[in-house]
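Here is the structure we will look at.
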Amino acid sequence: MSGRTAHESNRRREQWTWRDGLVIVSIVALGTVVAAVTNEDTGASIPGCESVESPGPPVRFNYGFAGEPGYGDPDYPWFSGPKATAMSDALLESLPSDVEVVFASPSQSLEFAPIQNYRGASFPDGVDPIEFSGSTSAKGTLTRVGRTADISVQVRAWDQPVPPCLEGLVDRREHLENGTVLDIADFEDRADFEDKDGSEVGGERGVVAYLGDGSRVVASVDTSTGTSSDASPLLTMDELIALATAPGLAVTAPVPDSTPPPMASCYTDSVNAGPPASRVDIDRLNQLLDARWKDLGAAGVTLERPLGSLVPDDYGQGGVCERIVASTADGSSDVEISVGTAVPEPGDTLTLPGSTTVTRLVDPDGSGDDTVRVVHPPAKQ
């Protein structure tokens with residue numbers, strides 16, 4: 001159990017989950033008052049740690065902000081749209097060859113999001129909003145031979161000393177020859193305990209990597225929301241460490257020339273959206289769009305990416321969409337395309353543009369299946 005007694009492990013889980021730990025590590029190490037760290041050595045022993053401090057109970061509060069974050073925030077000059085793409089590419093390349101990312105919208109497919117800057121937000125006295133800012137994160141769901149698990153990766157520039165180990169949040173600390181420091185939480189016994197809401201949780205594991213170039217990478221895998229056909233972890237700790245220390249994730253890693261930024265977020269306004277579009281459906285639609293653009297021969301118009309760039313809706317509406325920039329000699333503008341999957345409620349009729357009607361018939365032939373009838377004007381079924 002990595003130097004912990006059963007009593008220590010049980011007591012810790014009464015207060016913390018690994019996800020809480022990520023937040024606390026992020027906040028405490030920056031010196032804010034949110035986690036109420038005692039700043040006193042506990043006398044506890046954690047392998048690889050020179051000193052161990054005890055976190056107090058977390059203090060939770062609500063805050064709000066307006067506006068949509070974007071790439072290129074001057075407060076974080078190391079990060080940009082192309083940098084986000086390069087980091088996502090590096091993250092995907094660092095996954096083992098037999099691990100796949102579940103098909104989903106870009107925001108759920110390991111795309112690094114803009115850094116949320118809380119400057120100007122209202123926080124309690126003594127808490128600097130900018131200390132909550134600075135991290136870009138990528139998340140998604142992984143699958144590997146019958147197992148699925150959620151993964152989250154956070155990256156930020158780090159100009160602070162490596163903080164002391166926190167009791168209950170770190171199993172061991174490792175020092176690599178290249179100067180990287182790893183804080184490892186390998187909760188292999190976690191399934192023996194219950195989460196805060198009383199439900200059993202799956203195994204979680206995580207690593208915080210302090211890289212020699214001034215980067216901090218936090219990577220964690222959570223199996224509590226996934227499925228598994230056996231008890232083995234989807235990623236071993238060695239694989240998770242290799243992911244967190246991938247050179248392309250470092251804040252100082254160069255960005256290859258001509259790397260595009262991520263496509264802007266898009267959504268559909270479908271009502272009563274149907275099942276999400278499949279990868280095959282989206283590939284077919286993108287091929288149609290690319291072929292149509294080629295046929296148009298739009299001279300003098302430059303697209304930042306192919307017209308066939310549809311992706312699953314970022315807001316879970318079930319449709320597909322894209323938002324790209326088209327440029328001419330006179331300027332540029334956004335081009336937005338959305339394809340909805342709306343279907344009417346049972347027994348209702350939905351009227352689409354052009355007077356096409358879609359009627360959902362409830363078990364019309366006694367087979368137990370519903371039928372959708374589409375009528376195009378002039379009354380051609």
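Chain identifiers are assigned as A, B, and so on, following the order in which chains appear in the structure tokens; residues are numbered from 1 within each chain, and ligands are numbered from 1 in order of appearance.
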Neighbours of stretch 334-337 of chain A within 7 Å (only C-alpha atoms; same-chain residues fewer than 3 positions away dropped), as a ChimeraX atom specification?
/A:321-326
Any idea what's packed within 12 Å of A:Pro77, counting only C-alpha atoms, ignoring anything in its chain fewer than 4 positions away? Could you give it as number ranges by chain?
A: 71-73, 81, 83, 115, 134, 156-157, 251-252
For the structure I just gave you, how does DSSP split stretch 99-319 of chain A - specifically, which residues are alpha helix (DSSP H)? Reply as a VMD selection string.
chain A and resid 237 to 244 279 to 296
Choose the residue, out of A:Pro312, A:Pro377, A:Pro124, A:Pro114, that has the smallest atom-to-atom separation from A:Phe79; count only C-alpha atoms.
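Between A:Pro312, A:Pro377, A:Pro124, A:Pro114, the residue approaching A:Phe79 most closely is A:Pro114.
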Between atom CA of A:Leu352 and atom CA of A:Ala277, what is the distance in Å, rounded to a tenth?
19.0 Å
Please report, as JSON lines, each residue of stretch 87-112 of chain A lying at most 8 Å from stretch 239-244 of chain A, together with the nearest pair of atoms and the separation in Å rounded to one decimal; use only C-alpha atoms, and order rows by chain and ascending residue number.
{"residue": "A:Leu91", "atom": "CA", "partner": "A:Leu243", "partner_atom": "CA", "distance": 6.7}
{"residue": "A:Ser94", "atom": "CA", "partner": "A:Leu243", "partner_atom": "CA", "distance": 5.5}
{"residue": "A:Leu95", "atom": "CA", "partner": "A:Leu243", "partner_atom": "CA", "distance": 6.7}
{"residue": "A:Pro96", "atom": "CA", "partner": "A:Glu239", "partner_atom": "CA", "distance": 7.6}
Identify, on the basis of only C-alpha atoms, every residue whose closest approach to A:Gly48 does not exceed 7 Å; exclude the query and any residue fewer than 2 positions from it along the same chain; express the result as a PyMOL selection string.
chain A and resi 46+50+172-174
List as a list of chain:residue names the protein and nucleic acid residues near stretch 207-217 of chain A, meaning an atom at most 6 Å away when only C-alpha atoms are counted, but skip any in the same chain fewer than 3 places from it.
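Returned residues: A:Gln154, A:Val155, A:Arg156, A:Ala157, A:Trp158, A:Asp159, A:Gly179, A:Thr180, A:Val181, A:Leu182, A:Asp183, A:Ile184, A:Ala244, A:Ala250, A:Val251.
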For the selection you just gave me, I'd like the residues written to a file as a CSV table (one decimal), in the first residue's frame, keeping C-alpha atoms.
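Saved file again_26.csv follows:
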chain,number,residue,atom,x,y,z
A,154,GLN,CA,-3.7,19.8,-17.1
A,155,VAL,CA,-0.7,21.8,-18.1
A,156,ARG,CA,0.6,25.1,-16.8
A,157,ALA,CA,3.8,27.1,-16.5
A,158,TRP,CA,5.4,26.7,-13.1
A,159,ASP,CA,7.9,29.1,-11.6
A,179,GLY,CA,15.4,17.0,-12.9
A,180,THR,CA,11.7,16.1,-13.2
A,181,VAL,CA,9.9,15.5,-9.9
A,182,LEU,CA,6.9,13.1,-9.8
A,183,ASP,CA,4.2,13.1,-7.2
A,184,ILE,CA,2.4,9.8,-7.6
A,244,ALA,CA,2.7,13.2,-18.2
A,250,ALA,CA,6.1,21.0,-21.9
A,251,VAL,CA,5.4,24.8,-22.0
Residue neighbourhood A:Pro276, 10 Å, only C-alpha atoms, exclusion window fewer than 6 positions, as a list in words
Ala104, Pro312, Asp313, Gly316, Gln317, Gly318, Gly319, Val320, Gly340 and Thr341 of chain A
Restrict the selected residues to N, CA and C atoms and save them as a PDB file, in the first residue's frame.
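File produced: part27.pdb:
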ATOM      1  N   ALA A 104     -15.926  11.538 -29.947  1.00  0.00           N
ATOM      2  CA  ALA A 104     -16.755  12.533 -29.262  1.00  0.00           C
ATOM      3  C   ALA A 104     -16.424  13.902 -29.837  1.00  0.00           C
ATOM      4  N   PRO A 312     -18.730  16.385 -33.967  1.00  0.00           N
ATOM      5  CA  PRO A 312     -19.889  16.303 -33.074  1.00  0.00           C
ATOM      6  C   PRO A 312     -20.095  17.606 -32.317  1.00  0.00           C
ATOM      7  N   ASP A 313     -21.327  17.940 -32.096  1.00  0.00           N
ATOM      8  CA  ASP A 313     -21.701  19.158 -31.392  1.00  0.00           C
ATOM      9  C   ASP A 313     -21.056  19.214 -30.008  1.00  0.00           C
ATOM     10  N   GLY A 316     -23.492  18.687 -26.827  1.00  0.00           N
ATOM     11  CA  GLY A 316     -24.242  17.464 -26.623  1.00  0.00           C
ATOM     12  C   GLY A 316     -25.640  17.460 -27.183  1.00  0.00           C
ATOM     13  N   GLN A 317     -25.894  18.236 -28.255  1.00  0.00           N
ATOM     14  CA  GLN A 317     -27.228  18.276 -28.838  1.00  0.00           C
ATOM     15  C   GLN A 317     -27.492  17.101 -29.769  1.00  0.00           C
ATOM     16  N   GLY A 318     -26.460  16.363 -30.133  1.00  0.00           N
ATOM     17  CA  GLY A 318     -26.646  15.196 -30.978  1.00  0.00           C
ATOM     18  C   GLY A 318     -26.333  15.433 -32.445  1.00  0.00           C
ATOM     19  N   GLY A 319     -26.223  16.703 -32.854  1.00  0.00           N
ATOM     20  CA  GLY A 319     -25.943  17.015 -34.244  1.00  0.00           C
ATOM     21  C   GLY A 319     -24.457  17.179 -34.492  1.00  0.00           C
ATOM     22  N   VAL A 320     -24.120  17.704 -35.666  1.00  0.00           N
ATOM     23  CA  VAL A 320     -22.735  17.977 -36.033  1.00  0.00           C
ATOM     24  C   VAL A 320     -22.640  19.410 -36.526  1.00  0.00           C
ATOM     25  N   GLY A 340     -28.546  19.208 -37.745  1.00  0.00           N
ATOM     26  CA  GLY A 340     -29.230  18.697 -36.575  1.00  0.00           C
ATOM     27  C   GLY A 340     -29.763  17.298 -36.786  1.00  0.00           C
ATOM     28  N   THR A 341     -30.084  16.673 -35.679  1.00  0.00           N
ATOM     29  CA  THR A 341     -30.677  15.330 -35.730  1.00  0.00           C
ATOM     30  C   THR A 341     -32.022  15.329 -35.009  1.00  0.00           C
TER      31      THR A 341
END
